[in-house]
file work_2.csv (CSV, C-alpha atoms)
chain,number,residue,atom,x,y,z
A,7,MET,CA,0.0,0.0,0.0
A,8,ALA,CA,1.4,3.3,-1.0
A,9,LYS,CA,2.0,5.8,1.8
A,10,GLN,CA,1.5,9.5,1.2
A,11,VAL,CA,4.7,11.3,2.0
A,12,PHE,CA,3.9,14.8,0.9
A,13,THR,CA,0.7,16.7,0.9
A,14,ARG,CA,-0.8,20.2,1.6
A,15,PRO,CA,-0.1,21.4,5.2
A,16,LYS,CA,-3.2,21.7,7.3
A,17,ALA,CA,-2.6,25.3,8.2
A,18,LEU,CA,-3.0,26.3,4.6
A,19,LYS,CA,-6.4,27.0,3.2
A,20,ASP,CA,-7.6,25.3,0.0
A,21,ASN,CA,-7.5,28.5,-2.1
A,22,ILE,CA,-5.5,28.6,-5.2
A,23,PHE,CA,-2.5,31.0,-4.9
A,24,HIS,CA,-2.8,34.2,-6.9
A,25,TYR,CA,0.9,34.5,-7.3
A,26,CYS,CA,2.6,34.3,-10.8
A,27,PRO,CA,4.1,31.0,-12.0
A,28,GLY,CA,7.3,30.2,-10.2
A,29,CYS,CA,7.0,32.9,-7.5
A,30,GLY,CA,8.8,32.3,-4.3
A,31,HIS,CA,6.0,33.7,-2.1
A,32,SER,CA,3.8,30.6,-2.4
A,33,ILE,CA,6.7,28.3,-1.4
A,34,ILE,CA,7.3,30.5,1.7
A,35,HIS,CA,3.6,30.4,2.6
A,36,ARG,CA,3.7,26.7,2.5
A,37,LEU,CA,6.9,26.5,4.7
A,38,LEU,CA,5.2,28.9,7.2
A,39,ALA,CA,2.2,26.6,7.3
A,40,GLU,CA,4.3,23.5,7.7
A,41,VAL,CA,6.2,25.1,10.6
A,42,ILE,CA,3.0,26.3,12.3
A,43,ASP,CA,1.7,22.7,12.0
A,44,GLU,CA,4.8,21.1,13.3
A,45,LEU,CA,5.0,23.4,16.3
A,46,GLY,CA,1.3,23.0,17.0
A,47,ILE,CA,0.7,26.7,17.5
A,48,ARG,CA,-2.0,27.3,14.9
A,49,ASP,CA,-4.6,28.5,17.5
A,50,LYS,CA,-2.3,31.0,19.1
A,51,THR,CA,-0.5,32.5,16.1
A,52,VAL,CA,-1.2,35.9,14.7
A,53,GLY,CA,0.3,37.0,11.4
A,54,VAL,CA,0.7,40.5,10.0
A,55,PRO,CA,1.0,40.5,6.2
A,56,PRO,CA,2.4,43.5,4.3
A,57,ALA,CA,1.4,45.8,1.5
A,58,GLY,CA,2.8,44.1,-1.6
A,59,CYS,CA,2.3,40.9,-3.4
A,60,ALA,CA,1.7,39.0,-0.2
A,61,VAL,CA,-1.1,41.4,0.9
A,62,LEU,CA,-3.6,38.6,0.5
A,63,ALA,CA,-1.7,36.2,2.7
A,64,TYR,CA,-4.7,35.9,4.9
A,65,ASN,CA,-6.5,34.1,2.1
A,66,TYR,CA,-4.0,31.3,2.4
A,67,ILE,CA,-2.5,30.8,5.8
A,68,ASP,CA,-5.2,29.7,8.2
A,69,VAL,CA,-4.3,31.7,11.3
A,70,ASP,CA,-5.5,35.0,12.6
A,71,MET,CA,-4.2,37.9,10.6
A,72,GLY,CA,-4.1,41.6,11.1
A,73,GLU,CA,-3.4,43.8,8.1
A,74,ALA,CA,-1.0,46.7,8.6
A,75,PRO,CA,-0.5,49.9,6.6
A,76,HIS,CA,2.4,49.9,4.2
A,77,GLY,CA,5.6,49.2,6.1
A,78,ARG,CA,4.1,49.3,9.5
A,79,ALA,CA,3.7,45.5,10.0
A,80,ILE,CA,6.5,45.4,12.7
A,81,ALA,CA,4.8,48.2,14.6
A,82,VAL,CA,1.4,46.5,14.5
A,83,ALA,CA,3.0,43.2,15.5
A,84,THR,CA,4.7,45.0,18.4
A,85,GLY,CA,1.3,46.2,19.6
A,86,ILE,CA,-0.2,42.7,19.3
A,87,LYS,CA,2.7,41.1,21.1
A,88,ARG,CA,2.8,43.6,23.9
A,89,THR,CA,-1.0,43.4,24.7
A,90,ARG,CA,-1.1,39.6,24.3
A,91,PRO,CA,2.4,38.2,25.2
A,92,ASP,CA,1.1,34.6,25.1
A,93,LEU,CA,0.5,34.8,21.3
A,94,ILE,CA,3.1,33.9,18.7
A,95,VAL,CA,3.3,36.9,16.3
A,96,PHE,CA,5.0,36.9,13.0
A,97,THR,CA,5.2,39.5,10.3
A,98,TYR,CA,5.5,38.6,6.6
A,99,GLN,CA,7.1,41.5,4.6
A,100,GLY,CA,8.6,42.1,1.2
A,101,ASP,CA,11.6,44.3,0.6
A,102,GLY,CA,9.5,47.3,-0.4
A,103,ASP,CA,7.7,47.0,2.9
A,104,ILE,CA,10.4,46.2,5.4
A,105,ALA,CA,13.5,47.7,3.7
A,106,ALA,CA,12.1,50.8,2.1
A,107,ILE,CA,9.0,52.4,3.8
A,108,GLY,CA,9.2,50.5,7.0
A,109,THR,CA,12.9,50.7,7.8
A,110,ALA,CA,12.5,53.0,10.8
A,111,GLU,CA,10.2,50.8,12.9
A,112,THR,CA,12.0,47.7,11.9
A,113,ILE,CA,15.3,48.9,13.2
A,114,HIS,CA,13.8,50.1,16.5
A,115,ALA,CA,11.8,46.9,17.0
A,116,ALA,CA,15.0,45.0,16.6
A,117,ASN,CA,16.9,47.3,18.9
A,118,ARG,CA,14.2,46.9,21.6
A,119,GLY,CA,14.4,43.2,21.2
A,120,GLU,CA,10.7,42.8,20.5
A,121,ARG,CA,9.8,39.1,20.7
A,122,LEU,CA,8.7,38.8,17.1
A,123,SER,CA,9.5,36.6,14.1
A,124,ALA,CA,9.9,38.6,11.0
A,125,ILE,CA,9.9,37.0,7.6
A,126,PHE,CA,11.6,39.3,5.1
A,127,VAL,CA,11.0,38.2,1.5
A,128,ASN,CA,13.7,39.9,-0.7
A,129,ASN,CA,13.2,39.8,-4.5
A,130,GLY,CA,14.9,43.1,-5.3
A,131,VAL,CA,12.0,44.8,-7.0
A,132,TYR,CA,8.6,46.3,-6.2
A,133,GLY,CA,6.7,43.3,-7.5
A,134,MET,CA,3.1,44.2,-7.1
A,135,THR,CA,3.3,47.6,-8.7
A,136,GLY,CA,5.1,46.4,-11.8
A,137,GLY,CA,8.8,45.8,-11.1
A,138,GLN,CA,10.1,49.3,-10.1
A,139,MET,CA,13.6,49.7,-8.5
A,140,ALA,CA,13.7,49.0,-4.8
A,141,PRO,CA,16.5,49.8,-2.3
A,142,THR,CA,17.5,46.2,-2.5
A,143,THR,CA,17.9,46.1,-6.3
A,144,LEU,CA,21.3,44.9,-7.4
A,145,LEU,CA,23.8,47.3,-9.0
A,146,GLY,CA,23.3,47.2,-12.8
A,147,GLN,CA,19.9,45.4,-12.5
A,148,THR,CA,17.4,46.5,-15.1
A,149,THR,CA,14.0,47.5,-13.7
A,150,THR,CA,11.1,49.6,-15.1
A,151,THR,CA,12.5,52.7,-13.3
A,152,SER,CA,16.2,51.9,-14.0
A,153,PRO,CA,16.0,50.9,-17.6
A,154,GLY,CA,19.8,51.2,-18.1
A,155,GLY,CA,20.6,49.3,-14.9
A,156,ARG,CA,21.0,50.7,-11.4
A,157,LEU,CA,23.9,53.2,-11.1
A,158,PRO,CA,25.3,53.7,-7.6
A,159,LEU,CA,26.0,57.4,-8.2
A,160,ARG,CA,22.4,58.1,-9.2
A,161,ASP,CA,20.4,55.4,-7.4
A,162,GLY,CA,22.6,54.4,-4.4
A,163,PHE,CA,23.8,51.0,-3.3
A,164,PRO,CA,21.8,47.9,-2.5
A,165,LEU,CA,20.6,48.0,1.1
A,166,ASP,CA,21.6,45.1,3.3
A,167,LEU,CA,18.9,45.3,6.0
A,168,SER,CA,19.8,42.1,7.7
A,169,GLN,CA,23.4,43.3,8.4
A,170,MET,CA,22.0,46.5,9.7
A,171,LEU,CA,19.7,44.7,12.1
A,172,ALA,CA,22.4,42.3,13.2
A,173,VAL,CA,24.3,45.3,14.7
A,174,ALA,CA,21.3,46.0,17.0
A,175,ASP,CA,21.8,44.4,20.4
A,176,GLY,CA,18.2,43.3,20.7
A,177,SER,CA,18.2,41.0,17.7
A,178,VAL,CA,19.0,37.4,18.5
A,179,TYR,CA,18.7,35.4,15.3
A,180,ILE,CA,19.1,36.6,11.8
A,181,GLU,CA,19.6,34.3,8.8
A,182,ARG,CA,19.5,34.8,5.1
A,183,THR,CA,18.3,31.9,3.0
A,184,ALA,CA,16.8,31.3,-0.5
A,185,VAL,CA,14.0,29.2,-2.0
A,186,THR,CA,15.6,28.4,-5.3
A,187,SER,CA,16.3,24.7,-4.9
A,188,PRO,CA,14.9,21.9,-2.7
A,189,LYS,CA,18.1,22.1,-0.6
A,190,ASN,CA,17.7,25.8,0.0
A,191,ILE,CA,13.9,25.4,0.7
A,192,ILE,CA,14.7,22.8,3.5
A,193,LYS,CA,17.2,25.2,5.0
A,194,THR,CA,14.7,28.0,4.8
A,195,LYS,CA,12.1,25.9,6.7
A,196,ARG,CA,14.7,25.2,9.4
A,197,ALA,CA,15.4,28.9,9.7
A,198,ILE,CA,11.7,29.8,10.0
A,199,LYS,CA,11.3,27.2,12.6
A,200,LYS,CA,14.2,28.5,14.6
A,201,ALA,CA,12.8,32.1,14.3
A,202,PHE,CA,9.6,30.9,15.8
A,203,GLN,CA,11.4,28.9,18.5
A,204,VAL,CA,13.4,32.0,19.5
A,205,GLN,CA,10.1,33.9,20.0
A,206,MET,CA,8.6,31.0,22.0
A,207,ASP,CA,11.7,30.9,24.2
A,208,ASP,CA,11.2,34.7,24.8
A,209,LEU,CA,14.8,35.6,23.7
A,210,GLY,CA,14.4,38.5,21.4
A,211,PHE,CA,14.0,39.7,17.8
A,212,ALA,CA,14.4,37.1,15.0
A,213,LEU,CA,14.4,37.7,11.3
A,214,VAL,CA,14.7,35.4,8.3
A,215,GLU,CA,15.6,37.1,5.1
A,216,ILE,CA,14.5,34.9,2.1
A,217,LEU,CA,15.9,35.6,-1.3
A,218,SER,CA,12.9,35.0,-3.5
A,219,GLN,CA,12.6,34.9,-7.3
A,220,CYS,CA,10.4,37.2,-9.2
A,221,PRO,CA,10.4,35.7,-12.7
A,222,ILE,CA,7.8,38.0,-14.2
A,223,ASN,CA,9.4,41.3,-13.2
A,224,TRP,CA,12.9,40.0,-13.9
A,225,LYS,CA,11.7,38.9,-17.3
A,226,LEU,CA,13.1,35.4,-16.9
A,227,SER,CA,11.7,31.9,-16.9
A,228,PRO,CA,11.1,30.5,-13.4
A,229,VAL,CA,14.1,28.1,-13.8
A,230,ASP,CA,16.4,30.9,-15.1
A,231,ALA,CA,15.2,33.2,-12.2
A,232,CYS,CA,16.3,30.5,-9.7
A,233,LYS,CA,19.6,30.2,-11.4
A,234,TRP,CA,20.0,34.0,-11.4
A,235,VAL,CA,19.5,34.1,-7.6
A,236,GLU,CA,22.0,31.4,-7.1
A,237,GLU,CA,24.6,33.0,-9.3
A,238,GLU,CA,24.2,36.8,-9.1
A,239,VAL,CA,22.0,37.8,-6.2
A,240,VAL,CA,24.0,35.8,-3.6
A,241,LYS,CA,27.1,37.8,-4.5
A,242,SER,CA,25.4,40.9,-3.0
A,243,TYR,CA,23.4,39.0,-0.4
A,244,PRO,CA,25.5,36.0,0.8
A,245,LEU,CA,23.4,33.2,2.3
A,246,GLY,CA,24.0,31.9,5.8
A,247,VAL,CA,23.5,32.8,9.5
A,248,ILE,CA,24.2,36.5,10.0
A,249,LYS,CA,23.7,36.5,13.8
A,250,ASP,CA,22.8,33.9,16.3
A,251,THR,CA,23.1,34.6,20.0
A,252,THR,CA,20.5,32.2,21.1
A,253,GLN,CA,23.2,30.3,23.0
A,254,ALA,CA,24.4,33.3,25.0
A,255,GLN,CA,24.0,32.4,28.6
A,256,ASN,CA,23.6,35.9,29.9
A,257,ARG,CA,21.0,37.0,27.4
A,258,MET,CA,18.0,36.5,29.7
A,259,ASP,CA,19.8,38.2,32.6
A,260,ARG,CA,20.5,41.1,30.4
A,261,MET,CA,16.9,41.3,29.2
A,262,LYS,CA,15.8,41.4,32.8
A,263,ARG,CA,18.4,43.5,34.5
A,264,GLY,CA,19.4,45.7,31.6
A,265,LYS,CA,23.0,44.7,31.3
A,266,ARG,CA,24.9,44.5,28.1
A,267,ALA,CA,25.4,41.0,26.7
A,268,LYS,CA,28.8,39.5,26.1
A,269,THR,CA,28.3,37.9,22.8
B,15,MET,CA,15.6,1.3,-4.1
B,16,LYS,CA,12.1,2.1,-3.0
B,17,LYS,CA,9.6,3.1,-5.6
B,18,GLY,CA,7.1,5.8,-5.4
B,19,PHE,CA,4.8,7.9,-7.6
B,20,ILE,CA,3.4,11.4,-7.7
B,21,ARG,CA,0.0,12.8,-8.6
B,22,ILE,CA,-0.1,16.3,-10.2
B,23,ASN,CA,-3.3,18.4,-9.8
B,24,SER,CA,-3.3,20.0,-13.2
B,25,GLU,CA,-5.8,22.6,-12.2
B,26,LEU,CA,-3.5,24.0,-9.5
B,27,CYS,CA,-0.4,23.8,-11.7
B,28,LYS,CA,0.8,27.1,-13.4
B,29,GLY,CA,3.4,25.4,-15.6
B,30,GLY,CA,6.4,27.1,-14.0
B,31,GLY,CA,8.5,24.1,-14.8
B,32,LEU,CA,10.5,24.1,-11.5
B,33,CYS,CA,9.5,20.5,-10.8
B,34,ILE,CA,10.9,19.4,-14.2
B,35,ALA,CA,14.3,20.9,-13.4
B,36,ALA,CA,14.2,19.4,-9.9
B,37,CYS,CA,13.3,15.8,-10.9
B,38,PRO,CA,16.5,13.7,-10.9
B,39,LYS,CA,14.8,11.0,-13.0
B,40,GLY,CA,13.2,13.2,-15.7
B,41,SER,CA,9.8,11.8,-15.1
B,42,ILE,CA,7.9,15.1,-15.5
B,43,ARG,CA,7.1,17.0,-18.6
B,44,ILE,CA,4.8,19.9,-19.7
B,45,ARG,CA,1.5,18.8,-21.1
B,46,ASN,CA,0.3,20.0,-24.5
B,47,LYS,CA,-3.3,20.5,-23.4
B,48,LEU,CA,-4.2,23.7,-21.5
B,49,ASN,CA,-5.8,23.6,-18.0
B,50,ILE,CA,-8.9,25.6,-17.2
B,51,ARG,CA,-6.9,28.7,-16.3
B,52,GLY,CA,-4.9,28.7,-19.6
B,53,TYR,CA,-1.6,27.3,-18.4
B,54,HIS,CA,0.3,24.3,-19.8
B,55,PRO,CA,0.5,22.2,-16.7
B,56,ALA,CA,3.1,19.6,-15.7
B,57,GLU,CA,2.4,16.0,-16.3
B,58,TYR,CA,3.8,12.8,-14.7
B,59,THR,CA,5.0,10.6,-17.5
B,60,GLU,CA,5.0,7.2,-15.7
B,61,LYS,CA,2.2,4.9,-14.7
B,62,GLU,CA,1.4,4.7,-11.0
B,63,LYS,CA,1.3,0.9,-10.9
B,64,SER,CA,4.0,0.2,-13.5
B,65,LYS,CA,6.9,-2.0,-12.2
B,66,ASN,CA,9.7,-0.3,-14.1
B,67,ARG,CA,8.9,3.3,-13.2
B,68,LYS,CA,11.9,5.4,-12.2
B,69,CYS,CA,10.2,7.5,-9.5
B,70,THR,CA,11.6,6.9,-6.0
B,71,GLY,CA,9.2,9.3,-4.2
B,72,CYS,CA,12.0,11.6,-3.2
B,73,ALA,CA,9.5,14.5,-3.2
B,74,LEU,CA,12.0,17.1,-4.6
B,75,CYS,CA,9.4,18.1,-7.1
B,76,ALA,CA,6.8,18.6,-4.4
B,77,ILE,CA,9.2,20.6,-2.2
B,78,ILE,CA,10.0,23.1,-5.0
B,79,CYS,CA,6.4,23.3,-6.4
B,80,PRO,CA,5.1,26.8,-5.5
B,81,ASP,CA,1.5,25.8,-6.0
B,82,ILE,CA,1.5,22.6,-3.9
B,83,ALA,CA,0.0,20.8,-7.0
B,84,ILE,CA,2.0,17.6,-6.4
B,85,GLU,CA,1.3,14.9,-3.9
B,86,VAL,CA,3.9,12.2,-3.3
B,87,PHE,CA,3.4,8.6,-2.4
B,88,ARG,CA,6.0,6.0,-1.5
B,89,ASP,CA,5.5,2.2,-1.5

call {"tool": "encode", "arguments": {"input": "work_2.csv", "output": "structure tokens"}}
result
Amino acid sequence: MAKQVFTRPKALKDNIFHYCPGCGHSIIHRLLAEVIDELGIRDKTVGVPPAGCAVLAYNYIDVDMGEAPHGRAIAVATGIKRTRPDLIVFTYQGDGDIAAIGTAETIHAANRGERLSAIFVNNGVYGMTGGQMAPTTLLGQTTTTSPGGRLPLRDGFPLDLSQMLAVADGSVYIERTAVTSPKNIIKTKRAIKKAFQVQMDDLGFALVEILSQCPINWKLSPVDACKWVEEEVVKSYPLGVIKDTTQAQNRMDRMKRGKRAKT
Amino acid sequence: MKKGFIRINSELCKGGGLCIAACPKGSIRIRNKLNIRGYHPAEYTEKEKSKNRKCTGCALCAIICPDIAIEVFRD
């Protein structure tokens, strides 16, 4: 008798994804749902989706969701977590949301060590509005608002938000992963699970940056878009753990007594 | 080697072709016929019950499928 080894996670609704063919968002939705299922926290999880392609995330992930104004997901999540500390709160944000309009509250939430899990989906363009240049766009990358490629003197340099947040003392766990191959997807799932675990252990701010492919706005086929992430995007945004101080013994002491951690 | 098989829900599939690149055995291809939303969906080329099928049920295609159109079974 054949045994089923892979099927739709229970925390995902039956709706068909509205995302374009080959989009990384739907993979990340599935990973989130799998993690929520595995940790058994579906009834006490609250998500805050962004403005952007994933604005309809509440149609897919079967947990409570509270929509936030553009860029303010972390601020809304802070409010939810502070009024109901027993809930597990995650934000799901694109690069236009967390790294452009919402940079201010993100940095301060990380610095305060808010017990949140932030999922940062980085595809380097403003996907929903038609592929305009974002702060995270690579140098030389062609978008609809940088038709000749991004020039540093005119448009600035790619913003590495994860490195910026790693400097803040309140952040505990920051990792950058991708969803371009089965291997990377499994690593991403592990990272998301750890980000939730950090929050459940009440340690501090956790963020997973996921390099996602946007085949439509990059004008590539889905397979070529994955290849482009693995060959080009990782040069600007190298994969791996950026910060992990979950093992620091004195972290809890410091949180309670206000001392600086020796990390 | 254990054998397995997959079932592709052609109405969920958007024909991105990521599963075709991920399958180590080359058992998936794009179907000529359109599905109801106008995409050419992926199609499993082997028979579920056939004895000399190559699928091992490794689930790489299902892991990378963005639309969760693939269900994997292992004997």

call {"tool": "closest_atom_pairs", "arguments": {"input": "work_2.csv", "of": "chain B", "to": "chain A", "cutoff": "9 Å", "atoms": "only C-alpha atoms", "output": "CSV"}}
result
residue,atom,partner,partner_atom,distance
B:Gly18,CA,A:Ala8,CA,7.6
B:Phe19,CA,A:Ala8,CA,8.7
B:Leu26,CA,A:Ile22,CA,6.6
B:Cys27,CA,A:Pro27,CA,8.5
B:Lys28,CA,A:Pro27,CA,5.3
B:Gly29,CA,A:Pro27,CA,6.7
B:Gly30,CA,A:Pro27,CA,4.9
B:Gly31,CA,A:Val229,CA,7.0
B:Leu32,CA,A:Val229,CA,5.9
B:Ala35,CA,A:Val229,CA,7.2
B:Ala36,CA,A:Ser187,CA,7.6
B:Gly71,CA,A:Val11,CA,7.9
B:Cys72,CA,A:Val11,CA,9.0
B:Ala73,CA,A:Phe12,CA,6.9
B:Leu74,CA,A:Pro188,CA,5.9
B:Cys75,CA,A:Pro188,CA,8.0
B:Ala76,CA,A:Phe12,CA,7.1
B:Ile77,CA,A:Pro188,CA,5.9
B:Ile78,CA,A:Pro188,CA,5.5
B:Cys79,CA,A:Ile33,CA,7.1
B:Pro80,CA,A:Ile33,CA,4.6
B:Asp81,CA,A:Ser32,CA,6.4
B:Ile82,CA,A:Arg14,CA,6.4
B:Ala83,CA,A:Arg14,CA,8.7
B:Ile84,CA,A:Thr13,CA,7.5
B:Glu85,CA,A:Thr13,CA,5.2
B:Val86,CA,A:Phe12,CA,4.9
B:Phe87,CA,A:Gln10,CA,4.2
B:Arg88,CA,A:Lys9,CA,5.2
B:Asp89,CA,A:Ala8,CA,4.3

call {"tool": "residues_around", "arguments": {"input": "work_2.csv", "residues": "Ile125 of chain A", "least_positions_apart": "2", "cutoff": "6 Å", "atoms": "all atoms listed in the file", "output": "PDB file with C-alpha atoms, keeping the file's coordinate frame"}}
result
ATOM      1  CA  THR A  97       5.200  39.500  10.300  1.00  0.00           C
ATOM      2  CA  TYR A  98       5.500  38.600   6.600  1.00  0.00           C
ATOM      3  CA  LEU A 213      14.400  37.700  11.300  1.00  0.00           C
ATOM      4  CA  VAL A 214      14.700  35.400   8.300  1.00  0.00           C
TER       5      VAL A 214
END

call {"tool": "atom_distance", "arguments": {"input": "work_2.csv", "atom1": "atom CA of Asp43 of chain A", "atom2": "atom CA of Lys19 of chain A"}}
result
12.7 Å

call {"tool": "residues_around", "arguments": {"input": "work_2.csv", "residues": "segment 49-58 of chain A", "least_positions_apart": "4", "cutoff": "7 Å", "atoms": "only C-alpha atoms", "output": "list in words"}}
result
Ala63, Val69, Asp70, Met71, Gly72, Glu73, Ala74, Pro75, His76, Gly77, Ala79, Ala83, Leu93, Ile94, Val95, Phe96, Thr97, Tyr98, Gln99, Gly100, Asp103 and Met134 of chain A

call {"tool": "write_last_selection", "arguments": {"input": "work_2.csv", "atoms": "C-alpha atoms", "output": "mmCIF file, in the frame of the given file"}}
result
data_model
loop_
_atom_site.group_PDB
_atom_site.id
_atom_site.type_symbol
_atom_site.label_atom_id
_atom_site.label_comp_id
_atom_site.auth_asym_id
_atom_site.auth_seq_id
_atom_site.Cartn_x
_atom_site.Cartn_y
_atom_site.Cartn_z
ATOM 1 C CA ALA A 63 -1.700 36.200 2.700
ATOM 2 C CA VAL A 69 -4.300 31.700 11.300
ATOM 3 C CA ASP A 70 -5.500 35.000 12.600
ATOM 4 C CA MET A 71 -4.200 37.900 10.600
ATOM 5 C CA GLY A 72 -4.100 41.600 11.100
ATOM 6 C CA GLU A 73 -3.400 43.800 8.100
ATOM 7 C CA ALA A 74 -1.000 46.700 8.600
ATOM 8 C CA PRO A 75 -0.500 49.900 6.600
ATOM 9 C CA HIS A 76 2.400 49.900 4.200
ATOM 10 C CA GLY A 77 5.600 49.200 6.100
ATOM 11 C CA ALA A 79 3.700 45.500 10.000
ATOM 12 C CA ALA A 83 3.000 43.200 15.500
ATOM 13 C CA LEU A 93 0.500 34.800 21.300
ATOM 14 C CA ILE A 94 3.100 33.900 18.700
ATOM 15 C CA VAL A 95 3.300 36.900 16.300
ATOM 16 C CA PHE A 96 5.000 36.900 13.000
ATOM 17 C CA THR A 97 5.200 39.500 10.300
ATOM 18 C CA TYR A 98 5.500 38.600 6.600
ATOM 19 C CA GLN A 99 7.100 41.500 4.600
ATOM 20 C CA GLY A 100 8.600 42.100 1.200
ATOM 21 C CA ASP A 103 7.700 47.000 2.900
ATOM 22 C CA MET A 134 3.100 44.200 -7.100
#

call {"tool": "residues_around", "arguments": {"input": "work_2.csv", "residues": "segment 165-175 of chain A", "least_positions_apart": "5", "cutoff": "6 Å", "atoms": "all atoms listed in the file", "output": "PyMOL selection string"}}
result
chain A and resi 117+141-142+249

call {"tool": "write_last_selection", "arguments": {"input": "work_2.csv", "atoms": "C-alpha atoms", "output": "JSON list (two decimals), in the frame of the given file"}}
result
[["chain", "number", "residue", "atom", "x", "y", "z"],
["A", 117, "ASN", "CA", 16.90, 47.30, 18.90],
["A", 141, "PRO", "CA", 16.50, 49.80, -2.30],
["A", 142, "THR", "CA", 17.50, 46.20, -2.50],
["A", 249, "LYS", "CA", 23.70, 36.50, 13.80]]

call {"tool": "residues_around", "arguments": {"input": "work_2.csv", "residues": "Asn128 of chain A", "least_positions_apart": "6", "cutoff": "9 Å", "atoms": "all atoms listed in the file", "output": "ChimeraX atom specification"}}
result
/A:99-102,105,142,215-219

call {"tool": "atom_distance", "arguments": {"input": "work_2.csv", "atom1": "atom CA of Gly176 of chain A", "atom2": "atom CA of Thr251 of chain A"}}
result
10.0 Å

call {"tool": "atom_distance", "arguments": {"input": "work_2.csv", "atom1": "atom CA of Ile80 of chain A", "atom2": "atom CA of Tyr179 of chain A"}}
result
16.0 Å

call {"tool": "closest_residue", "arguments": {"input": "work_2.csv", "among": "B:Thr70, B:Ser24, B:Thr59, B:Ser64", "to": "Lys47 of chain B", "atoms": "all atoms listed in the file"}}
result
B:Ser24

call {"tool": "residues_around", "arguments": {"input": "work_2.csv", "residues": "Phe163 of chain A", "least_positions_apart": "4", "cutoff": "9 Å", "atoms": "only C-alpha atoms", "output": "list in words"}}
result
Pro141, Thr142, Thr143, Leu144, Leu145, Arg156, Leu157, Pro158 and Leu159 of chain A
